[in-house]
$ cat my_file20.txt   # compact mmCIF, C-alpha atoms
# COMPACT_ATOMS: atom_id res chain seq x y z
CA MET A 5 2.11 -7.67 4.71
CA ALA A 6 0.82 -6.87 8.18
CA HIS A 7 0.45 -4.05 10.64
CA ASP A 8 3.49 -3.02 12.65
CA PRO A 9 3.33 -5.35 15.69
CA LEU A 10 4.55 -2.60 18.03
CA VAL A 11 1.70 -0.21 17.23
CA PRO A 12 -1.74 -0.87 18.76
CA SER A 13 -4.89 -0.14 16.80
CA PHE A 14 -8.65 -0.01 17.01
CA GLU A 15 -11.36 -0.47 14.39
CA ILE A 16 -14.13 1.83 13.25
CA GLY A 17 -16.58 0.43 10.77
CA GLY A 18 -14.26 -2.53 10.31
CA VAL A 19 -11.40 -0.24 9.28
CA PRO A 20 -8.27 -0.52 11.48
CA VAL A 21 -6.73 2.74 12.68
CA SER A 22 -3.22 2.79 14.16
CA ALA A 23 -2.79 4.45 17.55
CA THR A 24 0.31 6.44 16.76
CA ASP A 25 1.61 9.96 16.15
CA MET A 26 4.09 11.47 13.70
CA THR A 27 7.04 10.32 15.81
CA GLY A 28 5.60 6.81 15.90
CA LEU A 29 5.12 6.79 12.13
CA ILE A 30 8.76 7.77 11.57
CA ALA A 31 9.92 5.15 14.08
CA ALA A 32 7.88 2.46 12.29
CA LEU A 33 9.51 3.40 8.98
CA GLY A 34 12.94 3.20 10.59
CA ARG A 35 12.21 -0.26 11.95
CA ARG A 36 11.05 -1.38 8.54
CA PHE A 37 14.12 -0.13 6.71
CA ALA A 38 16.39 -1.62 9.36
CA GLY A 39 15.24 -5.02 8.08
CA GLY A 40 17.07 -4.42 4.82
CA PRO A 41 16.09 -4.10 1.14
CA ASP A 42 14.74 -7.65 0.91
CA GLN A 43 11.82 -6.87 3.25
CA PRO A 44 8.44 -7.28 1.52
CA GLY A 45 7.06 -4.00 0.21
CA THR A 46 4.28 -2.46 2.25
CA PHE A 47 2.32 0.79 2.53
CA VAL A 48 0.82 3.38 4.87
CA VAL A 49 -2.74 4.68 4.61
CA PHE A 50 -3.76 8.12 5.89
CA ARG A 51 -7.42 7.72 6.75
CA ASP A 52 -10.25 10.22 7.25
CA ALA A 53 -14.01 9.97 7.70
CA HIS A 54 -14.64 9.94 3.96
CA GLY A 55 -12.36 6.94 3.50
CA VAL A 56 -14.02 5.04 6.36
CA VAL A 57 -17.42 5.60 4.75
CA ARG A 58 -16.17 4.57 1.30
CA ALA A 59 -14.79 1.34 2.76
CA GLN A 60 -18.24 0.29 4.01
CA THR A 61 -19.40 -0.44 0.45
CA ASP A 62 -16.04 -1.43 -1.06
CA PRO A 63 -14.71 -4.70 0.37
CA VAL A 64 -11.48 -4.47 -1.65
CA LEU A 65 -10.77 -1.02 -0.20
CA LYS A 66 -11.55 -2.23 3.31
CA ALA A 67 -9.24 -5.23 2.86
CA ALA A 68 -6.42 -2.91 1.76
CA HIS A 69 -6.47 -1.23 5.18
CA HIS A 70 -5.87 -4.60 6.85
CA ASP A 71 -2.84 -5.20 4.62
CA ALA A 72 -1.20 -1.85 5.44
CA LEU A 73 1.78 -1.37 7.74
CA LEU A 74 -0.07 1.50 9.44
CA VAL A 75 -3.40 3.27 9.00
CA CYS A 76 -2.82 6.75 10.38
CA ALA A 77 -5.57 9.11 11.54
CA ASP A 78 -5.43 11.70 8.79
CA GLY A 79 -8.65 13.23 10.12
CA ARG A 80 -8.79 14.66 13.65
CA PRO A 81 -12.14 12.97 14.50
CA LEU A 82 -10.46 9.56 14.17
CA SER A 83 -7.81 10.57 16.70
CA TRP A 84 -10.55 11.78 19.06
CA ILE A 85 -12.31 8.43 18.79
CA GLY A 86 -9.07 6.55 19.43
CA ARG A 87 -8.37 8.52 22.59
CA TRP A 88 -11.95 7.97 23.74
CA ARG A 89 -11.30 4.24 23.25
CA GLY A 90 -8.43 4.45 25.73
CA LEU A 91 -5.47 5.06 23.41
CA SER A 92 -4.45 8.32 25.08
CA ALA A 93 -1.17 8.78 23.19
CA MET A 94 -2.89 8.74 19.81
CA GLN A 95 -2.66 11.87 17.69
CA GLN A 96 -3.77 13.06 14.27
CA VAL A 97 -1.14 12.24 11.63
CA PRO A 98 -2.04 14.28 8.54
CA GLY A 99 -0.72 13.01 5.25
CA ILE A 100 -0.16 16.63 4.25
CA GLU A 101 2.31 17.09 7.12
CA SER A 102 3.91 13.68 6.84
CA VAL A 103 5.67 14.45 3.55
CA GLU A 104 7.98 17.09 5.01
CA ALA A 105 8.22 15.43 8.43
CA VAL A 106 9.32 12.08 7.02
CA CYS A 107 11.64 13.64 4.44
CA ARG A 108 13.36 15.63 7.21
CA ALA A 109 13.59 12.66 9.56
CA GLY A 110 15.15 10.40 6.94
CA ALA A 111 17.56 12.89 5.40
CA ALA A 112 20.42 12.00 7.75
CA SER A 113 19.89 8.28 7.12
CA GLY A 114 19.77 8.76 3.36
CA TRP A 115 16.23 7.50 2.83
CA ARG A 116 15.50 7.59 -0.90
CA HIS A 117 12.16 9.03 -2.07
CA TYR A 118 10.09 8.43 -5.20
CA PHE A 119 7.25 10.86 -5.91
CA LEU A 120 4.39 9.38 -7.95
CA GLY A 121 1.08 11.07 -8.73
CA GLY A 122 -0.55 14.45 -9.13
CA GLY A 123 -1.14 16.31 -12.37
CA GLU A 124 1.48 16.83 -15.04
CA GLY A 125 4.68 18.14 -13.47
CA VAL A 126 3.37 18.14 -9.89
CA ALA A 127 5.50 15.21 -8.67
CA ALA A 128 8.65 16.85 -10.03
CA HIS A 129 7.66 20.16 -8.43
CA LEU A 130 7.08 18.44 -5.09
CA ALA A 131 10.48 16.74 -5.26
CA GLU A 132 12.16 20.08 -6.03
CA THR A 133 10.25 21.78 -3.21
CA MET A 134 11.34 19.16 -0.67
CA GLN A 135 14.95 19.30 -1.86
CA THR A 136 14.94 23.09 -1.45
CA ARG A 137 13.55 22.84 2.08
CA ILE A 138 15.70 19.86 3.10
CA PRO A 139 19.31 20.00 1.92
CA GLY A 140 20.70 16.55 1.20
CA LEU A 141 17.30 14.96 0.55
CA GLN A 142 17.73 12.02 -1.81
CA VAL A 143 15.18 11.82 -4.63
CA ALA A 144 15.20 8.48 -6.42
CA GLY A 145 12.65 9.46 -9.07
CA VAL A 146 9.41 11.20 -10.02
CA GLU A 147 6.52 9.97 -12.11
CA THR A 148 3.07 11.09 -13.25
CA PRO A 149 1.06 8.00 -14.20
CA PRO A 150 -1.80 8.32 -16.69
CA PHE A 151 -5.30 8.66 -15.27
CA ARG A 152 -6.43 5.54 -17.14
CA PRO A 153 -5.63 2.02 -15.88
CA LEU A 154 -2.18 0.73 -16.85
CA ASP A 155 -1.92 -2.30 -19.10
CA ALA A 156 0.29 -5.26 -18.14
CA ALA A 157 3.39 -3.96 -19.92
CA GLU A 158 3.03 -0.46 -18.47
CA THR A 159 2.50 -1.89 -15.00
CA GLU A 160 5.68 -3.97 -15.10
CA ALA A 161 7.67 -1.07 -16.58
CA MET A 162 6.55 1.23 -13.76
CA ARG A 163 7.43 -1.35 -11.11
CA ALA A 164 10.82 -1.87 -12.72
CA ARG A 165 11.54 1.87 -12.69
CA ILE A 166 10.77 2.07 -8.97
CA ARG A 167 12.81 -1.04 -8.12
CA GLU A 168 15.79 0.12 -10.17
CA SER A 169 15.69 3.60 -8.63
CA GLY A 170 16.59 2.21 -5.20
CA ALA A 171 13.62 4.03 -3.67
CA GLN A 172 12.64 3.24 -0.10
CA ILE A 173 9.65 5.56 0.27
CA VAL A 174 7.17 5.92 -2.58
CA TRP A 175 4.91 8.94 -2.12
CA VAL A 176 1.60 8.28 -3.89
CA GLY A 177 -0.78 11.16 -4.64
CA LEU A 178 -3.76 9.70 -6.48
CA GLY A 179 -6.68 10.38 -4.13
CA THR A 180 -9.00 7.96 -2.31
CA PRO A 181 -9.75 5.17 -3.10
CA LYS A 182 -7.44 4.99 -6.11
CA GLN A 183 -4.20 5.41 -4.15
CA GLU A 184 -5.04 2.77 -1.54
CA LEU A 185 -5.94 0.23 -4.21
CA PHE A 186 -2.83 1.21 -6.18
CA MET A 187 -0.56 0.66 -3.17
CA ALA A 188 -2.17 -2.65 -2.22
CA ALA A 189 -1.73 -3.91 -5.78
CA HIS A 190 1.86 -2.77 -6.33
CA ALA A 191 3.56 -2.89 -2.90
CA PRO A 192 4.05 -6.70 -2.97
CA HIS A 193 6.11 -6.25 -6.15
CA LEU A 194 8.36 -3.53 -4.70
CA PRO A 195 10.60 -5.14 -2.05
CA GLY A 196 12.25 -2.84 0.45
CA THR A 197 9.77 -0.01 -0.12
CA VAL A 198 7.02 1.64 1.90
CA ALA A 199 4.39 3.46 -0.18
CA MET A 200 2.66 6.43 1.47
CA GLY A 201 -0.78 7.44 0.15
CA VAL A 202 -0.97 11.18 0.78
CA GLY A 203 -3.52 12.39 -1.80
CA ALA A 204 -3.85 16.16 -1.88
CA ALA A 205 -0.50 16.64 -0.13
CA PHE A 206 1.10 16.91 -3.57
CA ASP A 207 -0.93 20.02 -4.35
CA VAL A 208 -0.81 21.51 -0.85
CA ALA A 209 2.94 21.11 -0.41
CA THR A 210 3.61 22.77 -3.76
CA GLY A 211 1.24 25.66 -3.07
CA ARG A 212 -1.34 24.75 -5.72
CA ILE A 213 -4.11 24.63 -3.15
CA PRO A 214 -4.08 26.14 0.36
CA ARG A 215 -4.51 24.13 3.52
CA ALA A 216 -7.22 25.11 6.00
CA PRO A 217 -6.18 27.71 8.62
CA LYS A 218 -5.03 26.35 11.98
CA PHE A 219 -8.39 26.99 13.68
CA PHE A 220 -10.17 24.65 11.26
CA GLN A 221 -7.46 22.00 11.71
CA VAL A 222 -7.64 22.02 15.52
CA ALA A 223 -11.44 22.01 15.52
CA GLY A 224 -11.61 19.06 13.14
CA LEU A 225 -13.28 21.26 10.51
CA GLU A 226 -10.87 21.08 7.59
CA TRP A 227 -13.72 19.53 5.62
CA ALA A 228 -15.80 22.70 6.17
CA TYR A 229 -12.98 24.86 4.80
CA ARG A 230 -12.66 22.67 1.72
CA LEU A 231 -16.43 22.72 1.25
CA ALA A 232 -16.49 26.51 1.43
CA ARG A 233 -13.80 26.68 -1.25
CA GLU A 234 -15.33 24.10 -3.60
CA PRO A 235 -19.05 23.82 -2.78
CA ARG A 236 -20.18 22.60 -6.20
CA ARG A 237 -17.70 19.73 -6.23
CA LEU A 238 -17.91 18.67 -2.58
CA TRP A 239 -21.40 19.31 -1.24
CA ARG A 240 -22.75 15.91 -2.27
CA ARG A 241 -19.74 14.13 -0.75
CA TYR A 242 -20.12 15.76 2.65
CA LEU A 243 -23.90 15.52 2.65
CA ASP A 244 -23.41 11.77 2.36
CA THR A 245 -20.22 11.34 4.41
CA ILE A 246 -20.98 13.24 7.62
CA PRO A 247 -24.25 11.55 8.67
CA ARG A 248 -23.00 8.11 7.65
CA PHE A 249 -19.75 8.53 9.56
CA LEU A 250 -21.63 9.70 12.66
CA LEU A 251 -23.85 6.60 12.46
CA ILE A 252 -20.79 4.33 12.12
CA ALA A 253 -19.09 6.05 15.07
CA ALA A 254 -22.23 5.84 17.23
CA ARG A 255 -22.71 2.15 16.45
CA ASP A 256 -19.10 1.36 17.24
CA ALA A 257 -19.23 3.43 20.43
CA LEU A 258 -22.10 1.29 21.70
CA SER A 259 -20.16 -1.86 20.86
CA ALA A 260 -16.98 -0.52 22.47
CA LYS A 261 -18.80 0.04 25.79
CA LYS A 262 -19.51 -3.67 25.92
CA ALA A 263 -15.95 -4.75 25.09
CA PRO A 264 -12.66 -4.49 27.02
CA PRO A 265 -10.39 -1.58 26.06
CA PRO A 266 -7.92 -2.16 23.22
CA ARG A 267 -4.44 -3.36 24.11
CA ALA A 268 -1.13 -3.31 22.34
CA PRO A 269 -0.03 -6.71 21.03
CA GLY A 270 1.78 -8.53 23.81
CA ALA A 271 0.57 -6.11 26.52
CA SER A 272 -0.75 -7.43 29.79
CA GLY A 273 -3.70 -5.38 30.84
CA ARG A 274 -2.76 -1.79 30.06
CA THR A 275 -4.17 0.16 27.17
CA GLY A 276 -1.51 0.69 24.58
CA SER A 277 0.45 3.73 23.73
CA PRO A 278 2.48 3.52 20.52
CA ALA A 279 6.01 2.33 20.75
CA ALA A 280 8.51 4.69 19.19
$ encode --input "my_file20.txt" --output "structure tokens"
Amino acid sequence: MAHDPLVPSFEIGGVPVSATDMTGLIAALGRRFAGGPDQPGTFVVFRDAHGVVRAQTDPVLKAAHHDALLVCADGRPLSWIGRWRGLSAMQQVPGIESVEAVCRAGAASGWRHYFLGGGEGVAAHLAETMQTRIPGLQVAGVETPPFRPLDAAETEAMRARIRESGAQIVWVGLGTPKQELFMAAHAPHLPGTVAMGVGAAFDVATGRIPRAPKFFQVAGLEWAYRLAREPRRLWRRYLDTIPRFLLIAARDALSAKKAPPPRAPGASGRTGSPAA
């Protein structure tokens, strides 16, 4: 598995981030599926500041980002940093928004979707919600895996179900870092598929939890909205994440000033904008 060669990227804290937008993500999926069902399975990561910080102390998680087809800027600060690095076409690509956007884009082509994750019944509810919003959407299957690790027999049975379903896109809602490690472990055994790790999108898309109002999204403050809603659960995370991420970004900014601007693979001197 490897990054899409037509999409440039930059690194922050050793984590690659793809310089793309929602249109570029959909185009990359189309290119992948055009290669046919025998293509090696791969996956897409939607990355935010918390995930970048977690990867600094988890080498397996960091390595998973390098194996992904794309690492999209789920958090707006990552898109800001990318544009500051010279990738002016880069945009935020929220996992929450990608579910409906990708389902709509692939409906005419008959892309088949498998929804895996969430609490009991959430994957099925998400599939029903998307089918209601997008007539003709093809759902290959739904599954809620147990929260404990799968044994060898359960692992092979799950892989067989996905393969036999004919799924092309496997939506994975397990949260970070579990979903990234899950995709990295299983994608090589699921030819013709692209797994998409979208975390809380399962709950947001089905109305179980609200998304931050537009102001917070545009200002890059969705974390503040979530913190205000769940202070007891999240205050330690953000107390740790925010200063550490700022230190990582500052360190990389100093290094970036000493290096040439990033370029798309095969480019000859211009900073890259994502190919669609």
$ atom_distance --input "my_file20.txt" --atom1 "atom CA of Ala204 of chain A" --atom2 "atom CA of Ala127 of chain A"
11.6 Å
$ closest_residue --input "my_file20.txt" --among "A:Leu33, A:Leu243, A:Leu130, A:Leu120" --to "Met187 of chain A" --atoms "only C-alpha atoms"
A:Leu120
$ closest_residue --input "my_file20.txt" --among "A:Met26, A:Leu141, A:Val222, A:Leu154" --to "Leu74 of chain A" --atoms "only C-alpha atoms"
A:Met26
$ atom_distance --input "my_file20.txt" --atom1 "atom CA of Thr210 of chain A" --atom2 "atom CA of Thr133 of chain A"
6.7 Å
$ atom_distance --input "my_file20.txt" --atom1 "atom CA of Asp244 of chain A" --atom2 "atom CA of Val56 of chain A"
12.2 Å
$ closest_residue --input "my_file20.txt" --among "A:Gly86, A:Gly170, A:Gly55, A:Pro139" --to "Arg241 of chain A" --atoms "only C-alpha atoms"
A:Gly55
$ residues_around --input "my_file20.txt" --residues "Pro98 of chain A" --least-positions-apart "4" --cutoff "8 Å" --atoms "only C-alpha atoms" --output "list in words"
Phe50, Cys76, Ala77, Asp78, Gly79 and Ser102 of chain A
$ decode --input "my_file20.txt" --residues "segment 162-193 of chain A" --atoms "N, CA, C and O atoms" --output "tab-separated table (two decimals), in the first residue's frame"
chain	number	residue	atom	x	y	z
A	162	MET	N	-14.82	-12.28	9.86
A	162	MET	CA	-15.18	-10.90	9.53
A	162	MET	C	-14.63	-10.52	8.15
A	162	MET	O	-15.35	-9.94	7.33
A	163	ARG	N	-13.39	-10.85	7.90
A	163	ARG	CA	-12.79	-10.55	6.59
A	163	ARG	C	-13.56	-11.25	5.47
A	163	ARG	O	-13.80	-10.67	4.41
A	164	ALA	N	-13.95	-12.49	5.72
A	164	ALA	CA	-14.70	-13.24	4.70
A	164	ALA	C	-16.04	-12.58	4.42
A	164	ALA	O	-16.47	-12.50	3.26
A	165	ARG	N	-16.71	-12.10	5.47
A	165	ARG	CA	-18.01	-11.43	5.26
A	165	ARG	C	-17.85	-10.20	4.39
A	165	ARG	O	-18.66	-9.94	3.49
A	166	ILE	N	-16.79	-9.42	4.63
A	166	ILE	CA	-16.58	-8.21	3.85
A	166	ILE	C	-16.24	-8.56	2.40
A	166	ILE	O	-16.77	-7.97	1.47
A	167	ARG	N	-15.34	-9.52	2.22
A	167	ARG	CA	-14.96	-9.93	0.86
A	167	ARG	C	-16.17	-10.43	0.08
A	167	ARG	O	-16.40	-10.07	-1.08
A	168	GLU	N	-16.96	-11.29	0.72
A	168	GLU	CA	-18.10	-11.90	0.04
A	168	GLU	C	-19.23	-10.90	-0.23
A	168	GLU	O	-20.07	-11.14	-1.11
A	169	SER	N	-19.25	-9.80	0.50
A	169	SER	CA	-20.30	-8.80	0.31
A	169	SER	C	-20.12	-8.00	-0.98
A	169	SER	O	-21.05	-7.36	-1.45
A	170	GLY	N	-18.90	-8.03	-1.53
A	170	GLY	CA	-18.61	-7.21	-2.71
A	170	GLY	C	-18.40	-5.75	-2.38
A	170	GLY	O	-18.45	-4.90	-3.28
A	171	ALA	N	-18.16	-5.44	-1.13
A	171	ALA	CA	-17.96	-4.04	-0.71
A	171	ALA	C	-16.74	-3.44	-1.38
A	171	ALA	O	-15.74	-4.12	-1.62
A	172	GLN	N	-16.85	-2.16	-1.69
A	172	GLN	CA	-15.70	-1.39	-2.18
A	172	GLN	C	-15.22	-0.39	-1.13
A	172	GLN	O	-14.02	-0.17	-0.98
A	173	ILE	N	-16.16	0.23	-0.43
A	173	ILE	CA	-15.81	1.18	0.63
A	173	ILE	C	-16.28	0.60	1.96
A	173	ILE	O	-17.45	0.23	2.11
A	174	VAL	N	-15.36	0.51	2.91
A	174	VAL	CA	-15.67	0.02	4.25
A	174	VAL	C	-15.55	1.19	5.22
A	174	VAL	O	-14.44	1.67	5.49
A	175	TRP	N	-16.69	1.67	5.69
A	175	TRP	CA	-16.69	2.78	6.65
A	175	TRP	C	-16.43	2.21	8.04
A	175	TRP	O	-17.15	1.33	8.51
A	176	VAL	N	-15.39	2.72	8.71
A	176	VAL	CA	-14.96	2.19	10.00
A	176	VAL	C	-15.12	3.28	11.06
A	176	VAL	O	-14.48	4.34	10.98
A	177	GLY	N	-15.96	3.02	12.05
A	177	GLY	CA	-16.19	3.98	13.12
A	177	GLY	C	-15.83	3.40	14.47
A	177	GLY	O	-16.69	2.95	15.22
A	178	LEU	N	-14.53	3.39	14.77
A	178	LEU	CA	-14.04	2.79	16.02
A	178	LEU	C	-13.28	3.78	16.90
A	178	LEU	O	-12.92	3.44	18.03
A	179	GLY	N	-13.04	4.98	16.41
A	179	GLY	CA	-12.27	5.97	17.18
A	179	GLY	C	-10.78	5.77	17.05
A	179	GLY	O	-10.29	4.68	16.72
A	180	THR	N	-10.03	6.86	17.29
A	180	THR	CA	-8.56	6.85	17.23
A	180	THR	C	-7.99	6.39	18.56
A	180	THR	O	-8.47	6.82	19.62
A	181	PRO	N	-6.97	5.53	18.56
A	181	PRO	CA	-6.22	4.99	17.41
A	181	PRO	C	-6.73	3.63	16.91
A	181	PRO	O	-6.15	3.06	16.01
A	182	LYS	N	-7.80	3.14	17.53
A	182	LYS	CA	-8.26	1.79	17.23
A	182	LYS	C	-8.59	1.61	15.76
A	182	LYS	O	-8.23	0.60	15.14
A	183	GLN	N	-9.27	2.61	15.15
A	183	GLN	CA	-9.70	2.42	13.77
A	183	GLN	C	-8.53	2.44	12.79
A	183	GLN	O	-8.51	1.69	11.80
A	184	GLU	N	-7.52	3.26	13.06
A	184	GLU	CA	-6.35	3.29	12.17
A	184	GLU	C	-5.59	1.97	12.23
A	184	GLU	O	-5.15	1.43	11.20
A	185	LEU	N	-5.42	1.44	13.43
A	185	LEU	CA	-4.72	0.16	13.58
A	185	LEU	C	-5.55	-0.97	12.99
A	185	LEU	O	-5.01	-1.91	12.38
A	186	PHE	N	-6.86	-0.89	13.14
A	186	PHE	CA	-7.77	-1.88	12.56
A	186	PHE	C	-7.64	-1.89	11.04
A	186	PHE	O	-7.50	-2.96	10.42
A	187	MET	N	-7.68	-0.72	10.43
A	187	MET	CA	-7.60	-0.64	8.96
A	187	MET	C	-6.25	-1.13	8.46
A	187	MET	O	-6.18	-1.85	7.46
A	188	ALA	N	-5.17	-0.73	9.13
A	188	ALA	CA	-3.85	-1.15	8.69
A	188	ALA	C	-3.69	-2.66	8.77
A	188	ALA	O	-3.03	-3.28	7.92
A	189	ALA	N	-4.33	-3.28	9.77
A	189	ALA	CA	-4.21	-4.72	9.94
A	189	ALA	C	-5.06	-5.49	8.94
A	189	ALA	O	-4.66	-6.56	8.45
A	190	HIS	N	-6.25	-4.97	8.61
A	190	HIS	CA	-7.20	-5.75	7.81
A	190	HIS	C	-7.21	-5.40	6.33
A	190	HIS	O	-7.55	-6.25	5.50
A	191	ALA	N	-6.86	-4.16	5.96
A	191	ALA	CA	-6.93	-3.76	4.56
A	191	ALA	C	-6.15	-4.69	3.62
A	191	ALA	O	-6.63	-5.00	2.53
A	192	PRO	N	-4.95	-5.16	3.98
A	192	PRO	CA	-4.22	-6.04	3.06
A	192	PRO	C	-4.95	-7.34	2.74
A	192	PRO	O	-4.63	-8.01	1.75
A	193	HIS	N	-5.93	-7.69	3.57
A	193	HIS	CA	-6.67	-8.95	3.38
A	193	HIS	C	-8.03	-8.72	2.70
A	193	HIS	O	-8.83	-9.66	2.60
